[in-house]
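Peer 1: Structure: structure.txt, compact mmCIF, N, CA and C atoms.
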# COMPACT_ATOMS: atom_id res chain seq x y z
N MET A 1 137.66 65.93 75.33
CA MET A 1 136.84 66.67 76.28
C MET A 1 137.39 66.44 77.67
N ILE A 2 137.52 67.50 78.43
CA ILE A 2 137.84 67.38 79.84
C ILE A 2 136.82 68.20 80.61
N GLY A 3 136.65 67.87 81.88
CA GLY A 3 135.65 68.60 82.63
C GLY A 3 135.89 68.60 84.11
N PHE A 4 135.19 69.49 84.76
CA PHE A 4 135.27 69.66 86.20
C PHE A 4 133.87 69.99 86.69
N ARG A 5 133.25 69.06 87.38
CA ARG A 5 131.86 69.19 87.82
C ARG A 5 130.96 69.46 86.62
N LYS A 6 130.28 70.58 86.57
CA LYS A 6 129.37 70.80 85.45
C LYS A 6 129.99 71.62 84.33
N LEU A 7 131.27 71.91 84.43
CA LEU A 7 131.97 72.73 83.45
C LEU A 7 132.87 71.85 82.59
N ILE A 8 132.66 71.86 81.27
CA ILE A 8 133.48 71.03 80.39
C ILE A 8 134.10 71.88 79.29
N VAL A 9 135.24 71.43 78.81
CA VAL A 9 135.94 72.08 77.71
C VAL A 9 136.08 71.08 76.58
N MET A 10 135.82 71.55 75.37
CA MET A 10 135.94 70.72 74.17
C MET A 10 136.69 71.50 73.10
N ASP A 11 137.15 70.75 72.10
CA ASP A 11 137.66 71.43 70.92
C ASP A 11 136.50 71.65 69.95
N ARG A 12 136.77 72.39 68.89
CA ARG A 12 135.71 72.76 67.94
C ARG A 12 135.04 71.55 67.31
N SER A 13 135.82 70.55 66.90
CA SER A 13 135.21 69.40 66.23
C SER A 13 134.33 68.60 67.19
N GLU A 14 134.74 68.46 68.45
CA GLU A 14 133.90 67.77 69.43
C GLU A 14 132.59 68.54 69.65
N ALA A 15 132.71 69.86 69.79
CA ALA A 15 131.53 70.69 70.04
C ALA A 15 130.56 70.65 68.86
N ALA A 16 131.11 70.68 67.65
CA ALA A 16 130.26 70.72 66.45
C ALA A 16 129.52 69.41 66.21
N THR A 17 130.04 68.31 66.72
CA THR A 17 129.42 67.01 66.47
C THR A 17 128.76 66.41 67.71
N MET A 18 128.78 67.14 68.80
CA MET A 18 128.20 66.62 70.04
C MET A 18 126.68 66.53 69.94
N ALA A 19 126.17 65.38 70.32
CA ALA A 19 124.71 65.22 70.38
C ALA A 19 124.22 65.98 71.61
N PRO A 20 123.13 66.69 71.48
CA PRO A 20 122.61 67.45 72.63
C PRO A 20 122.31 66.52 73.80
N PRO A 21 122.84 66.83 74.97
CA PRO A 21 122.52 65.99 76.13
C PRO A 21 121.05 66.17 76.52
N PRO A 22 120.49 65.19 77.20
CA PRO A 22 119.07 65.26 77.58
C PRO A 22 118.83 66.12 78.82
N ILE A 23 119.72 67.04 79.07
CA ILE A 23 119.64 67.93 80.23
C ILE A 23 119.86 69.37 79.77
N PRO A 24 119.45 70.35 80.56
CA PRO A 24 119.69 71.75 80.16
C PRO A 24 121.19 72.04 80.11
N TRP A 25 121.62 72.67 79.02
CA TRP A 25 123.03 73.01 78.89
C TRP A 25 123.19 74.35 78.20
N ALA A 26 124.38 74.91 78.34
CA ALA A 26 124.71 76.20 77.76
C ALA A 26 126.12 76.11 77.20
N VAL A 27 126.43 77.01 76.26
CA VAL A 27 127.71 76.95 75.55
C VAL A 27 128.34 78.33 75.45
N ILE A 28 129.63 78.38 75.74
CA ILE A 28 130.45 79.54 75.39
C ILE A 28 131.28 79.08 74.21
N SER A 29 130.95 79.61 73.04
CA SER A 29 131.55 79.18 71.78
C SER A 29 132.57 80.22 71.33
N ILE A 30 133.83 79.83 71.29
CA ILE A 30 134.91 80.75 70.97
C ILE A 30 135.46 80.42 69.58
N ARG A 31 135.53 81.43 68.74
CA ARG A 31 136.15 81.26 67.42
C ARG A 31 137.18 82.35 67.22
N GLY A 32 138.09 82.09 66.32
CA GLY A 32 139.13 83.06 66.01
C GLY A 32 138.83 83.80 64.71
N THR A 33 139.64 84.77 64.40
CA THR A 33 139.52 85.54 63.17
C THR A 33 139.51 84.58 61.98
N GLY A 34 138.51 84.69 61.14
CA GLY A 34 138.41 83.85 59.96
C GLY A 34 137.65 82.55 60.15
N ASP A 35 137.34 82.19 61.39
CA ASP A 35 136.59 80.96 61.66
C ASP A 35 135.09 81.24 61.58
N LYS A 36 134.34 80.26 61.10
CA LYS A 36 132.89 80.37 61.09
C LYS A 36 132.34 79.93 62.44
N PRO A 37 131.21 80.49 62.87
CA PRO A 37 130.61 80.06 64.14
C PRO A 37 130.13 78.61 64.07
N VAL A 38 130.17 77.94 65.20
CA VAL A 38 129.61 76.60 65.31
C VAL A 38 128.11 76.76 65.58
N GLU A 39 127.31 75.95 64.91
CA GLU A 39 125.86 75.99 65.09
C GLU A 39 125.46 75.01 66.19
N PHE A 40 124.51 75.41 67.02
CA PHE A 40 124.00 74.56 68.09
C PHE A 40 122.49 74.45 67.97
N PRO A 41 121.90 73.40 68.54
CA PRO A 41 120.44 73.20 68.43
C PRO A 41 119.66 74.35 69.07
N ASP A 42 118.45 74.56 68.57
CA ASP A 42 117.55 75.53 69.18
C ASP A 42 117.35 75.18 70.64
N GLY A 43 117.16 76.18 71.46
CA GLY A 43 116.91 75.95 72.87
C GLY A 43 118.16 75.92 73.74
N VAL A 44 119.33 75.92 73.10
CA VAL A 44 120.58 75.94 73.85
C VAL A 44 121.02 77.40 74.00
N SER A 45 121.32 77.81 75.21
CA SER A 45 121.84 79.16 75.42
C SER A 45 123.29 79.19 74.95
N VAL A 46 123.60 80.07 74.01
CA VAL A 46 124.94 80.13 73.45
C VAL A 46 125.46 81.56 73.49
N LEU A 47 126.67 81.72 73.95
CA LEU A 47 127.40 82.98 73.86
C LEU A 47 128.48 82.78 72.81
N HIS A 48 128.35 83.45 71.67
CA HIS A 48 129.36 83.38 70.61
C HIS A 48 130.37 84.48 70.83
N LEU A 49 131.64 84.10 70.89
CA LEU A 49 132.72 85.06 71.08
C LEU A 49 133.73 84.94 69.95
N LEU A 50 134.32 86.07 69.60
CA LEU A 50 135.36 86.11 68.58
C LEU A 50 136.61 86.73 69.19
N PHE A 51 137.64 85.91 69.40
CA PHE A 51 138.96 86.41 69.79
C PHE A 51 139.99 85.35 69.50
N ASP A 52 141.21 85.80 69.27
CA ASP A 52 142.29 84.90 68.88
C ASP A 52 143.12 84.49 70.10
N ASP A 53 143.88 83.42 69.93
CA ASP A 53 144.72 82.90 71.00
C ASP A 53 146.04 83.65 71.03
N ILE A 54 145.97 84.89 71.54
CA ILE A 54 147.15 85.74 71.64
C ILE A 54 147.22 86.33 73.04
N ASP A 55 148.43 86.68 73.46
CA ASP A 55 148.58 87.31 74.77
C ASP A 55 148.75 88.82 74.64
N ARG A 56 149.25 89.26 73.49
CA ARG A 56 149.42 90.70 73.24
C ARG A 56 148.62 91.08 72.00
N VAL A 57 148.24 92.35 71.94
CA VAL A 57 147.51 92.85 70.78
C VAL A 57 148.41 92.74 69.55
N GLU A 58 147.86 92.15 68.50
CA GLU A 58 148.59 92.00 67.24
C GLU A 58 147.69 92.47 66.10
N GLU A 59 148.29 93.16 65.14
CA GLU A 59 147.53 93.67 64.01
C GLU A 59 146.88 92.52 63.24
N GLY A 60 145.62 92.70 62.92
CA GLY A 60 144.88 91.70 62.15
C GLY A 60 144.25 90.61 63.00
N LEU A 61 144.50 90.61 64.30
CA LEU A 61 143.94 89.62 65.20
C LEU A 61 143.11 90.32 66.28
N THR A 62 142.21 89.59 66.88
CA THR A 62 141.34 90.13 67.92
C THR A 62 141.77 89.58 69.27
N ALA A 63 142.10 90.47 70.19
CA ALA A 63 142.54 90.07 71.52
C ALA A 63 141.35 90.01 72.47
N PHE A 64 141.43 89.13 73.46
CA PHE A 64 140.43 89.06 74.53
C PHE A 64 140.50 90.37 75.30
N SER A 65 139.36 90.90 75.70
CA SER A 65 139.32 92.21 76.36
C SER A 65 138.50 92.15 77.64
N ILE A 66 138.58 93.21 78.39
CA ILE A 66 137.75 93.34 79.60
C ILE A 66 136.27 93.29 79.22
N LYS A 67 135.91 93.94 78.11
CA LYS A 67 134.52 93.91 77.66
C LYS A 67 134.07 92.48 77.37
N THR A 68 134.95 91.68 76.76
CA THR A 68 134.61 90.28 76.49
C THR A 68 134.46 89.52 77.80
N ALA A 69 135.34 89.76 78.74
CA ALA A 69 135.24 89.10 80.06
C ALA A 69 133.91 89.46 80.73
N GLU A 70 133.49 90.71 80.61
CA GLU A 70 132.20 91.11 81.18
C GLU A 70 131.05 90.37 80.52
N GLN A 71 131.13 90.18 79.20
CA GLN A 71 130.10 89.40 78.49
C GLN A 71 130.05 87.97 79.01
N VAL A 72 131.22 87.38 79.23
CA VAL A 72 131.27 86.01 79.73
C VAL A 72 130.64 85.93 81.12
N TRP A 73 131.01 86.83 82.02
CA TRP A 73 130.44 86.77 83.37
C TRP A 73 128.94 87.04 83.36
N ASP A 74 128.48 87.95 82.50
CA ASP A 74 127.03 88.18 82.39
C ASP A 74 126.33 86.90 81.95
N PHE A 75 126.90 86.21 80.99
CA PHE A 75 126.33 84.95 80.49
C PHE A 75 126.34 83.88 81.58
N VAL A 76 127.46 83.73 82.27
CA VAL A 76 127.56 82.73 83.34
C VAL A 76 126.53 83.03 84.43
N ASP A 77 126.39 84.28 84.80
CA ASP A 77 125.39 84.65 85.80
C ASP A 77 123.98 84.26 85.35
N ARG A 78 123.71 84.41 84.06
CA ARG A 78 122.38 84.13 83.53
C ARG A 78 122.08 82.64 83.46
N VAL A 79 123.08 81.79 83.18
CA VAL A 79 122.80 80.37 82.93
C VAL A 79 123.24 79.42 84.05
N TRP A 80 124.06 79.88 84.98
CA TRP A 80 124.68 78.97 85.94
C TRP A 80 123.68 78.13 86.73
N ASP A 81 122.62 78.73 87.20
CA ASP A 81 121.67 77.99 88.04
C ASP A 81 120.68 77.12 87.26
N THR A 82 120.57 77.33 85.96
CA THR A 82 119.61 76.55 85.17
C THR A 82 120.28 75.49 84.30
N ALA A 83 121.49 75.74 83.85
CA ALA A 83 122.18 74.77 83.00
C ALA A 83 122.88 73.73 83.86
N GLU A 84 122.69 72.48 83.52
CA GLU A 84 123.39 71.41 84.23
C GLU A 84 124.79 71.20 83.68
N VAL A 85 125.00 71.63 82.45
CA VAL A 85 126.32 71.57 81.83
C VAL A 85 126.60 72.92 81.18
N LEU A 86 127.80 73.44 81.42
CA LEU A 86 128.29 74.62 80.71
C LEU A 86 129.51 74.17 79.92
N MET A 87 129.37 74.14 78.61
CA MET A 87 130.47 73.75 77.74
C MET A 87 131.16 75.01 77.23
N VAL A 88 132.48 75.00 77.26
CA VAL A 88 133.27 76.06 76.68
C VAL A 88 134.13 75.41 75.61
N HIS A 89 134.11 75.96 74.40
CA HIS A 89 134.94 75.37 73.36
C HIS A 89 135.66 76.44 72.57
N CYS A 90 136.82 76.06 72.04
CA CYS A 90 137.56 76.87 71.08
C CYS A 90 138.12 75.90 70.05
N LEU A 91 139.00 76.35 69.20
CA LEU A 91 139.48 75.50 68.10
C LEU A 91 140.08 74.19 68.60
N LEU A 92 141.04 74.26 69.50
CA LEU A 92 141.71 73.05 69.98
C LEU A 92 141.31 72.65 71.40
N GLY A 93 140.62 73.51 72.11
CA GLY A 93 140.27 73.21 73.50
C GLY A 93 141.49 73.20 74.41
N ALA A 94 142.53 73.92 74.02
CA ALA A 94 143.79 73.86 74.75
C ALA A 94 144.17 75.14 75.49
N CYS A 95 143.77 76.30 74.99
CA CYS A 95 144.24 77.56 75.59
C CYS A 95 143.12 78.54 75.93
N ARG A 96 142.36 78.97 74.92
CA ARG A 96 141.34 79.99 75.16
C ARG A 96 140.21 79.46 76.05
N SER A 97 139.63 78.34 75.68
CA SER A 97 138.52 77.81 76.48
C SER A 97 138.98 77.39 77.88
N PRO A 98 140.16 76.79 78.06
CA PRO A 98 140.61 76.52 79.43
C PRO A 98 140.88 77.80 80.23
N GLY A 99 141.26 78.89 79.55
CA GLY A 99 141.43 80.16 80.25
C GLY A 99 140.12 80.65 80.83
N VAL A 100 139.06 80.54 80.04
CA VAL A 100 137.71 80.91 80.51
C VAL A 100 137.28 79.95 81.61
N ALA A 101 137.45 78.66 81.38
CA ALA A 101 137.01 77.65 82.35
C ALA A 101 137.76 77.77 83.68
N ALA A 102 139.05 78.07 83.63
CA ALA A 102 139.83 78.20 84.87
C ALA A 102 139.30 79.33 85.73
N ALA A 103 138.97 80.46 85.11
CA ALA A 103 138.44 81.59 85.87
C ALA A 103 137.06 81.28 86.44
N ILE A 104 136.21 80.64 85.64
CA ILE A 104 134.89 80.26 86.14
C ILE A 104 135.04 79.29 87.31
N SER A 105 135.93 78.32 87.18
CA SER A 105 136.17 77.36 88.26
C SER A 105 136.66 78.04 89.53
N LYS A 106 137.56 79.00 89.38
CA LYS A 106 138.09 79.71 90.56
C LYS A 106 136.97 80.42 91.31
N VAL A 107 136.09 81.07 90.56
CA VAL A 107 134.99 81.80 91.19
C VAL A 107 133.93 80.86 91.74
N LYS A 108 133.51 79.88 90.96
CA LYS A 108 132.39 79.02 91.35
C LYS A 108 132.79 77.91 92.32
N TYR A 109 134.02 77.40 92.21
CA TYR A 109 134.44 76.27 93.03
C TYR A 109 135.62 76.58 93.95
N GLY A 110 136.26 77.75 93.76
CA GLY A 110 137.42 78.10 94.57
C GLY A 110 138.69 77.37 94.15
N TYR A 111 138.68 76.77 92.96
CA TYR A 111 139.79 75.93 92.52
C TYR A 111 139.95 76.04 91.02
N ASP A 112 141.17 76.40 90.57
CA ASP A 112 141.41 76.50 89.14
C ASP A 112 142.53 75.60 88.65
N GLN A 113 143.23 74.93 89.54
CA GLN A 113 144.40 74.14 89.14
C GLN A 113 144.07 72.97 88.22
N PHE A 114 142.87 72.47 88.30
CA PHE A 114 142.44 71.40 87.40
C PHE A 114 142.78 71.75 85.95
N TRP A 115 142.49 72.98 85.55
CA TRP A 115 142.68 73.41 84.17
C TRP A 115 144.15 73.63 83.86
N PHE A 116 144.91 74.16 84.80
CA PHE A 116 146.33 74.41 84.58
C PHE A 116 147.13 73.11 84.55
N GLN A 117 146.64 72.09 85.19
CA GLN A 117 147.32 70.79 85.19
C GLN A 117 147.07 70.00 83.90
N ARG A 118 145.98 70.30 83.21
CA ARG A 118 145.60 69.51 82.05
C ARG A 118 145.74 70.24 80.72
N ARG A 119 145.76 71.54 80.73
CA ARG A 119 145.84 72.35 79.51
C ARG A 119 146.79 73.53 79.77
N THR A 120 146.82 74.44 78.81
CA THR A 120 147.63 75.66 78.93
C THR A 120 146.71 76.86 78.78
N PRO A 121 145.99 77.23 79.84
CA PRO A 121 145.05 78.34 79.72
C PRO A 121 145.73 79.63 79.24
N ASN A 122 145.08 80.30 78.32
CA ASN A 122 145.57 81.57 77.83
C ASN A 122 145.58 82.55 78.99
N ARG A 123 146.76 83.10 79.30
CA ARG A 123 146.92 83.97 80.47
C ARG A 123 146.20 85.30 80.32
N ARG A 124 146.14 85.84 79.10
CA ARG A 124 145.41 87.10 78.90
C ARG A 124 143.93 86.89 79.23
N VAL A 125 143.37 85.79 78.76
CA VAL A 125 141.97 85.47 79.02
C VAL A 125 141.75 85.32 80.52
N TYR A 126 142.60 84.52 81.16
CA TYR A 126 142.45 84.27 82.59
C TYR A 126 142.57 85.57 83.40
N ARG A 127 143.58 86.38 83.10
CA ARG A 127 143.78 87.64 83.84
C ARG A 127 142.57 88.57 83.70
N ALA A 128 142.06 88.73 82.48
CA ALA A 128 140.91 89.61 82.27
C ALA A 128 139.67 89.08 82.99
N MET A 129 139.46 87.77 82.90
CA MET A 129 138.31 87.16 83.58
C MET A 129 138.42 87.38 85.10
N MET A 130 139.59 87.20 85.64
CA MET A 130 139.77 87.36 87.09
C MET A 130 139.66 88.82 87.51
N LYS A 131 140.13 89.76 86.69
CA LYS A 131 139.99 91.18 87.01
C LYS A 131 138.52 91.56 87.10
N VAL A 132 137.74 91.14 86.13
CA VAL A 132 136.31 91.46 86.14
C VAL A 132 135.63 90.78 87.34
N ALA A 133 136.00 89.54 87.62
CA ALA A 133 135.43 88.85 88.78
C ALA A 133 135.75 89.61 90.06
N TYR A 134 136.98 90.05 90.19
CA TYR A 134 137.39 90.82 91.38
C TYR A 134 136.61 92.13 91.45
N ASP A 135 136.55 92.86 90.32
CA ASP A 135 135.83 94.15 90.29
C ASP A 135 134.36 94.00 90.63
N ARG A 136 133.78 92.85 90.30
CA ARG A 136 132.36 92.60 90.59
C ARG A 136 132.13 92.00 91.98
N GLY A 137 133.20 91.77 92.71
CA GLY A 137 133.07 91.20 94.05
C GLY A 137 132.75 89.72 94.06
N LEU A 138 133.13 89.02 92.99
CA LEU A 138 132.85 87.59 92.90
C LEU A 138 133.87 86.74 93.65
N LEU A 139 134.98 87.33 94.03
CA LEU A 139 136.03 86.60 94.74
C LEU A 139 136.07 86.98 96.20
Would you encode the structure as structure tokens?

Peer 2:
Amino acid sequence: MIGFRKLIVMDRSEAATMAPPPIPWAVISIRGTGDKPVEFPDGVSVLHLLFDDIDRVEEGLTAFSIKTAEQVWDFVDRVWDTAEVLMVHCLLGACRSPGVAAAISKVKYGYDQFWFQRRTPNRRVYRAMMKVAYDRGLL
């Protein structure tokens, strides 16, 4: 697990076995084609997403899209002021979830290098997230 202020990134196994913190939290749960969703306790705000760790559209795989980025920003807008922790997880916590976290960090804190220094954020995810943020006037 790595984190920056109230935003943390985990891999799937960490997220699936994490004991609920005694504070309000929310989750962006990312799974790939063929993966089962991770279950979280009742009362936790969860956005379940399905997309694969790819930069280009490939047959049989699901690419991150502008529509998915809009879903993420809608969710962040809904939970940011009430959740003390926003966890983002994917299978390894290395590319997709850091791509989401880097964009959220850039908008909310003005700084995204934390994620690029520690992981390899998926560039397709980051670009789409930043485009939607720009289009919505978040930057």

Peer 1: If we count all atoms listed in the file and set the cut-off at 6 Å, which residues sit around segment 121-123 of chain A, ignoring sequence neighbours fewer than 4 positions away in its own chain? Please answer as a list in words.

Peer 2: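 What passes the distance filter is Ala94, Cys95, Arg96, Pro98, Gly99, Trp115, Phe116, Arg127 and Ala128 of chain A.
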
Peer 1: Considering only C-alpha atoms, give me a table of residues in segment 96-136 of chain A that are at most 12 Å from segment 4-19 of chain A, with the closest atom pair and distance in Å for each, as JSON lines.

Peer 2:
{"residue": "A:Arg96", "atom": "CA", "partner": "A:Val9", "partner_atom": "CA", "distance": 9.9}
{"residue": "A:Ser97", "atom": "CA", "partner": "A:Val9", "partner_atom": "CA", "distance": 6.4}
{"residue": "A:Pro98", "atom": "CA", "partner": "A:Val9", "partner_atom": "CA", "distance": 6.7}
{"residue": "A:Gly99", "atom": "CA", "partner": "A:Val9", "partner_atom": "CA", "distance": 10.1}
{"residue": "A:Val100", "atom": "CA", "partner": "A:Val9", "partner_atom": "CA", "distance": 9.4}
{"residue": "A:Ala101", "atom": "CA", "partner": "A:Leu7", "partner_atom": "CA", "distance": 7.1}
{"residue": "A:Ala102", "atom": "CA", "partner": "A:Leu7", "partner_atom": "CA", "distance": 9.7}
{"residue": "A:Ala103", "atom": "CA", "partner": "A:Leu7", "partner_atom": "CA", "distance": 11.2}
{"residue": "A:Ile104", "atom": "CA", "partner": "A:Leu7", "partner_atom": "CA", "distance": 8.5}
{"residue": "A:Ser105", "atom": "CA", "partner": "A:Leu7", "partner_atom": "CA", "distance": 7.9}
{"residue": "A:Lys106", "atom": "CA", "partner": "A:Phe4", "partner_atom": "CA", "distance": 11.3}
{"residue": "A:Lys108", "atom": "CA", "partner": "A:Leu7", "partner_atom": "CA", "distance": 10.1}
{"residue": "A:Tyr109", "atom": "CA", "partner": "A:Arg5", "partner_atom": "CA", "distance": 9.2}
{"residue": "A:Tyr111", "atom": "CA", "partner": "A:Phe4", "partner_atom": "CA", "distance": 10.0}
{"residue": "A:Asp112", "atom": "CA", "partner": "A:Phe4", "partner_atom": "CA", "distance": 9.7}
{"residue": "A:Gln113", "atom": "CA", "partner": "A:Phe4", "partner_atom": "CA", "distance": 10.6}
{"residue": "A:Phe114", "atom": "CA", "partner": "A:Phe4", "partner_atom": "CA", "distance": 7.5}
{"residue": "A:Trp115", "atom": "CA", "partner": "A:Phe4", "partner_atom": "CA", "distance": 8.5}
{"residue": "A:Arg118", "atom": "CA", "partner": "A:Val9", "partner_atom": "CA", "distance": 10.9}
{"residue": "A:Arg119", "atom": "CA", "partner": "A:Val9", "partner_atom": "CA", "distance": 10.1}
{"residue": "A:Pro121", "atom": "CA", "partner": "A:Val9", "partner_atom": "CA", "distance": 11.2}

Peer 1: Find the residues near Phe51 of chain A: any atom within 8 Å, counting only N, CA and C atoms, skip ones fewer than 4 places away on the same chain, and give them as a list in words.

Peer 2: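 So the residues in contact are Ser29, Ile30, Arg31, Gly32, Thr33, Leu61, Thr62, Ala63, Phe64, Ser65 and Arg96 of chain A.
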
Peer 1: Report the distance between atom N of Thr120 of chain A and atom N of Asp53 of chain A in Å, rounded to one decimal place.

Peer 2: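 So the two atoms, atom N of Thr120 of chain A and atom N of Asp53 of chain A, lie 13.0 Å apart.
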
Peer 1: Figure out the distance between atom C of Asp52 of chain A and atom CA of Gly110 of chain A, please, to one decimal in Å.

Peer 2: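 Value for the atom CA of Gly110 of chain A-atom C of Asp52 of chain A distance: 25.9 Å.
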
Peer 1: Give me, as a list of chain:residue names, all polymer residues having an atom no more than 10 Å from Ala26 of chain A, counting only C-alpha atoms and skipping those fewer than 4 positions away in the same chain.

Peer 2: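 Non-adjacent residues within range: A:Leu7, A:Phe40, A:Gly43, A:Val44, A:Ser45, A:Val46, A:Leu47, A:Phe75, A:Val76, A:Val79, A:Trp80, A:Thr82, A:Ala83, A:Glu84, A:Val85, A:Leu86, A:Met87, A:Val88.
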
Peer 1: Quick check for you: according to DSSP on this backbone, which residues of chain A are classed as alpha helix (DSSP H)? Reply as a PyMOL selection string.

Peer 2: chain A and resi 12-17+66-79+96-109+113-118+123-135

Peer 1: My list of candidates is A:Asp74, A:Val107, A:Cys90, A:Ile23. Which is closest to Leu49 of chain A when distances are computed with only C-alpha atoms?

Peer 2: A:Cys90

Peer 1: As a list in words, please: all residues of chain A that backbone DSSP puts in strand (DSSP E or B).

Peer 2: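 Answer for chain A, restricted to strand (DSSP E or B): Ile2, Gly3, Phe4, Leu7, Ile8, Val9, Met10, Asp11, Trp25, Ala26, Val27, Ile28, Ser29, Ile30, Arg31, Ser45, Val46, Leu47, His48, Leu49, Leu50, Val85, Leu86, Met87, Val88, His89 and Cys90 of chain A.
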
Peer 1: Could you check which of A:Leu139, A:Leu92, A:Met129, A:Ile54 is closest to Trp73 of chain A, using only N, CA and C atoms?

Peer 2: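 Of A:Leu139, A:Leu92, A:Met129, A:Ile54, the one nearest Trp73 of chain A is A:Met129, counting only N, CA and C atoms.
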
Peer 1: If I only have part of segment 45-52 of chain A, can you fill in all heavy atoms and write it as a short mmCIF file (atom, residue, chain, number, x, y, z; two decimals), keeping the file's coordinate frame?

Peer 2:
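File result17.cif, as written:
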data_model
loop_
_atom_site.label_atom_id
_atom_site.label_comp_id
_atom_site.auth_asym_id
_atom_site.auth_seq_id
_atom_site.Cartn_x
_atom_site.Cartn_y
_atom_site.Cartn_z
N SER A 45 121.32 77.81 75.21
CA SER A 45 121.84 79.16 75.42
C SER A 45 123.29 79.19 74.95
O SER A 45 124.11 78.41 75.44
CB SER A 45 121.78 79.54 76.90
OG SER A 45 120.45 79.60 77.33
N VAL A 46 123.60 80.07 74.01
CA VAL A 46 124.94 80.13 73.45
C VAL A 46 125.46 81.56 73.49
O VAL A 46 124.76 82.50 73.09
CB VAL A 46 124.97 79.64 71.98
CG1 VAL A 46 126.40 79.68 71.44
CG2 VAL A 46 124.39 78.25 71.86
N LEU A 47 126.67 81.72 73.95
CA LEU A 47 127.40 82.98 73.86
C LEU A 47 128.48 82.78 72.81
O LEU A 47 129.40 81.98 73.02
CB LEU A 47 128.02 83.36 75.21
CG LEU A 47 128.92 84.59 75.19
CD1 LEU A 47 128.12 85.84 74.83
CD2 LEU A 47 129.61 84.76 76.55
N HIS A 48 128.35 83.45 71.67
CA HIS A 48 129.36 83.38 70.61
C HIS A 48 130.37 84.48 70.83
O HIS A 48 130.00 85.65 70.96
CB HIS A 48 128.71 83.55 69.23
CG HIS A 48 127.91 82.38 68.80
ND1 HIS A 48 128.48 81.23 68.27
CD2 HIS A 48 126.57 82.16 68.81
CE1 HIS A 48 127.53 80.37 67.97
NE2 HIS A 48 126.36 80.90 68.29
N LEU A 49 131.64 84.10 70.89
CA LEU A 49 132.72 85.06 71.08
C LEU A 49 133.73 84.94 69.95
O LEU A 49 133.98 83.85 69.45
CB LEU A 49 133.44 84.81 72.41
CG LEU A 49 132.60 84.92 73.68
CD1 LEU A 49 133.43 84.51 74.89
CD2 LEU A 49 132.08 86.35 73.86
N LEU A 50 134.32 86.07 69.60
CA LEU A 50 135.36 86.11 68.58
C LEU A 50 136.61 86.73 69.19
O LEU A 50 136.61 87.92 69.53
CB LEU A 50 134.91 86.92 67.37
CG LEU A 50 135.98 87.24 66.32
CD1 LEU A 50 136.49 85.97 65.66
CD2 LEU A 50 135.44 88.21 65.29
N PHE A 51 137.64 85.91 69.40
CA PHE A 51 138.96 86.41 69.79
C PHE A 51 139.99 85.35 69.50
O PHE A 51 139.69 84.16 69.45
CB PHE A 51 139.00 86.87 71.26
CG PHE A 51 138.78 85.80 72.28
CD1 PHE A 51 139.85 85.11 72.84
CD2 PHE A 51 137.50 85.49 72.72
CE1 PHE A 51 139.65 84.13 73.80
CE2 PHE A 51 137.29 84.51 73.68
CZ PHE A 51 138.37 83.82 74.23
N ASP A 52 141.21 85.80 69.27
CA ASP A 52 142.29 84.90 68.88
C ASP A 52 143.12 84.49 70.10
O ASP A 52 143.07 85.13 71.15
CB ASP A 52 143.17 85.57 67.82
CG ASP A 52 142.40 85.77 66.52
OD1 ASP A 52 142.07 84.77 65.89
OD2 ASP A 52 142.12 86.94 66.16
#
